[in-house]
Amino acid sequence: MRGLYLDCFSGISGDMLLGALVDLGVEPAHLRSQLKKLRVSGYTLSAARVNRSGLAGTKVDVALTAARQPERRLKDIARIVQASRLSSEVRRRAMSAFETLVEAEARVHRVSRDKVHLHEVGAVDAIVDIVGAMIGLERLGWPRVVCSPLHVGRGMVTMEHGTFPVPGPATAEILKGKPCYATHVEGELVTPTGAALAATLAADFGPLPPMRVRAIGYGAGTKQFDSHPNLLRVLHGDLLDEAVLRETVLVLETTIDDMNPQLYGHLMDRLFAAGALEVFYTPIQMKKSRPGTMVTVICPEPKLEDVSSVIFRETTTIGFRYQPMGRIELARRIETTRTPYGPIRMKVSVYNGEVVQATPEYEDCRRVALKTGVPLKEVQRLAVQAYAPPRGGPEALASWAQAPVLPGRTRGGARRRGARRSRRTKGRARGR
């Protein structure tokens, strides 16, 4: 499967990640066109090649054209993001990063998150950094993200509320449970926005996993250091020996018999936004013959506190039980196949070098169905029919998957062109 390794030897910030994605090949024009779907103005986005201690990288700048930017609460940012025409996955992941920021600020100031005013992180540049990073990752096909231990820096940093030790209070709160370290380098190397992106996106933290590296991008920070290049290095390629992913997750359960059924849909949305991997409801019979609902949530262990907060705030339960459980998951990647109605993304699962499942992306098929009037099930059937990995076992699949599928390139188109050439050749042989 495709992977992305964040090498945070000089920390991470939102603009550094955005710069690294542009350096990998995500077009600034694509970012600008997608970001226009947000109802946000008062800024310009630029990207330029810069030099940091002899290494070239890309510096992305969000220049504010308005004199002042309003303070925003989470609900204000949610309104901006959810009202956009961006894909549902971009919106979901962006809001997950903002949720992480807000929860950290709320814990630092000992207030409810509804009362948190996002100052620096609520400004337009942070909205552009977070949403732009999700747009860039979508452009790369949502690779599995692994992050190195985070170099946080040391010293003091001045922020909205005063001067604080590095890492800043919100950053330190976000990085609880994550591997981080400091050296002699003075300054804030990990910003709250960068910490939230790393915590939200990374499936794991640690050294570089086995990977066949295809491309390397460098995102530049603003500061210059004599000791090292102030860059975020991002390695993009194919993760090796990842046919099956093994991890430990938490399974949470609670039973409820006194909650308005209208609340369950909202509860599910909030749980997913808090980092849940799975949420499902089971009808059960409870005490006094009351019909009830068992709420089951599967989440990564670092997200337990965030998920717990949602359960207690959004349901009528007074407690829940949880236990660790092993999970085995097939490696997945995103491919694009071309149908008579346009390109459709496919979620492809691989086991022992063989494609065992290829499922068309529902939202892509629904968009085509609504646009053309073709039944949704027919669009899905055509997508599955158009997508066909080669026969011949793991060796053929490895050869087929060797070259990355870049934006705008498809597997299906090449197969059909070959078929047309074959038909023309046979026609000439018969004298047509």
# chains A, B, ... in the order shown; residues from 1 in each chain; ligands from 1
>>> select_by_dssp(residues="segment 15-87 of chain A", states="helix (DSSP H, G or I)", output="number ranges by chain")
A: 15-24, 28-35, 74-82
>>> residues_around(residues="segment 7-10 of chain A", least_positions_apart="3", cutoff="6 Å", atoms="only C-alpha atoms", output="list in words")
Ser148, Leu150, His151, Asn230, Leu232, Arg233 and Val234 of chain A
>>> closest_residue(among="A:Ala273, A:Ala383, A:Val60, A:Met211", to="Val146 of chain A", atoms="only C-alpha atoms")
A:Met211
>>> residues_around(residues="Arg39 of chain A", least_positions_apart="4", cutoff="8 Å", atoms="only C-alpha atoms", output="number ranges by chain")
A: 80, 83-84
>>> select_by_dssp(residues="segment 232-400 of chain A", states="strand (DSSP E or B)", output="PyMOL selection string")
chain A and resi 232-239+244-256+278-285+291-299+321-339+342-351+354-360
>>> write_last_selection(atoms="C-alpha atoms", output="JSON list (two decimals), in the first residue's frame")
[["chain", "number", "residue", "atom", "x", "y", "z"],
["A", 232, "LEU", "CA", 10.18, 18.78, 7.16],
["A", 233, "ARG", "CA", 11.20, 15.80, 5.02],
["A", 234, "VAL", "CA", 8.35, 13.66, 3.67],
["A", 235, "LEU", "CA", 9.03, 10.30, 1.99],
["A", 236, "HIS", "CA", 6.34, 8.95, -0.32],
["A", 237, "GLY", "CA", 6.33, 5.40, -1.62],
["A", 238, "ASP", "CA", 5.12, 1.82, -1.25],
["A", 239, "LEU", "CA", 5.09, 0.24, 2.20],
["A", 244, "VAL", "CA", -1.83, -7.44, 6.81],
["A", 245, "LEU", "CA", -1.89, -4.63, 9.37],
["A", 246, "ARG", "CA", -1.95, -5.71, 13.02],
["A", 247, "GLU", "CA", -2.79, -3.30, 15.80],
["A", 248, "THR", "CA", -4.47, -3.10, 19.18],
["A", 249, "VAL", "CA", -7.64, -1.06, 19.53],
["A", 250, "LEU", "CA", -10.12, -0.38, 22.33],
["A", 251, "VAL", "CA", -13.71, -1.64, 22.16],
["A", 252, "LEU", "CA", -16.15, 0.51, 24.17],
["A", 253, "GLU", "CA", -19.72, -0.55, 25.00],
["A", 254, "THR", "CA", -22.59, 1.09, 26.80],
["A", 255, "THR", "CA", -26.31, 0.26, 26.95],
["A", 256, "ILE", "CA", -28.96, 2.99, 26.79],
["A", 278, "GLU", "CA", -16.10, 2.10, 13.99],
["A", 279, "VAL", "CA", -19.46, 2.95, 15.56],
["A", 280, "PHE", "CA", -22.52, 0.72, 15.48],
["A", 281, "TYR", "CA", -25.79, 0.25, 17.35],
["A", 282, "THR", "CA", -27.44, -3.04, 18.39],
["A", 283, "PRO", "CA", -31.08, -3.30, 19.58],
["A", 284, "ILE", "CA", -31.29, -5.14, 22.91],
["A", 285, "GLN", "CA", -33.75, -5.92, 25.70],
["A", 291, "PRO", "CA", -36.15, -1.95, 24.51],
["A", 292, "GLY", "CA", -32.68, -0.42, 24.48],
["A", 293, "THR", "CA", -29.60, 0.15, 22.34],
["A", 294, "MET", "CA", -26.06, -1.09, 22.80],
["A", 295, "VAL", "CA", -23.61, 1.54, 21.55],
["A", 296, "THR", "CA", -20.31, -0.02, 20.45],
["A", 297, "VAL", "CA", -17.31, 2.14, 19.60],
["A", 298, "ILE", "CA", -13.91, 0.97, 18.34],
["A", 299, "CYS", "CA", -11.11, 3.50, 18.68],
["A", 321, "ARG", "CA", -16.95, -0.57, 29.74],
["A", 322, "TYR", "CA", -13.96, -1.06, 27.44],
["A", 323, "GLN", "CA", -11.29, -3.63, 26.70],
["A", 324, "PRO", "CA", -8.25, -3.85, 24.42],
["A", 325, "MET", "CA", -8.67, -6.09, 21.40],
["A", 326, "GLY", "CA", -6.38, -7.10, 18.55],
["A", 327, "ARG", "CA", -7.32, -6.07, 15.02],
["A", 328, "ILE", "CA", -6.07, -7.45, 11.69],
["A", 329, "GLU", "CA", -6.76, -5.39, 8.62],
["A", 330, "LEU", "CA", -5.93, -5.89, 4.96],
["A", 331, "ALA", "CA", -3.67, -3.29, 3.42],
["A", 332, "ARG", "CA", -5.56, -0.91, 1.16],
["A", 333, "ARG", "CA", -4.76, 1.55, -1.57],
["A", 334, "ILE", "CA", -6.72, 3.91, -3.78],
["A", 335, "GLU", "CA", -6.72, 3.35, -7.54],
["A", 336, "THR", "CA", -8.71, 5.13, -10.23],
["A", 337, "THR", "CA", -10.62, 3.38, -12.97],
["A", 338, "ARG", "CA", -12.28, 5.01, -15.95],
["A", 339, "THR", "CA", -15.89, 4.24, -16.78],
["A", 342, "GLY", "CA", -15.89, 9.33, -15.99],
["A", 343, "PRO", "CA", -13.20, 8.34, -13.46],
["A", 344, "ILE", "CA", -14.18, 6.55, -10.25],
["A", 345, "ARG", "CA", -11.88, 5.79, -7.33],
["A", 346, "MET", "CA", -11.58, 2.18, -6.15],
["A", 347, "LYS", "CA", -10.65, 1.01, -2.66],
["A", 348, "VAL", "CA", -8.36, -1.95, -3.31],
["A", 349, "SER", "CA", -7.46, -4.55, -0.65],
["A", 350, "VAL", "CA", -4.42, -6.80, -1.08],
["A", 351, "TYR", "CA", -3.58, -10.07, 0.67],
["A", 354, "GLU", "CA", -3.18, -10.63, -4.58],
["A", 355, "VAL", "CA", -6.06, -8.21, -4.97],
["A", 356, "VAL", "CA", -8.92, -9.78, -3.01],
["A", 357, "GLN", "CA", -11.36, -6.87, -2.99],
["A", 358, "ALA", "CA", -11.92, -3.80, -5.17],
["A", 359, "THR", "CA", -14.83, -1.59, -4.09],
["A", 360, "PRO", "CA", -15.91, 1.56, -5.93]]
>>> closest_residue(among="A:Asp269, A:Asp226, A:Asp257, A:Asp204", to="His184 of chain A", atoms="only C-alpha atoms")
A:Asp226
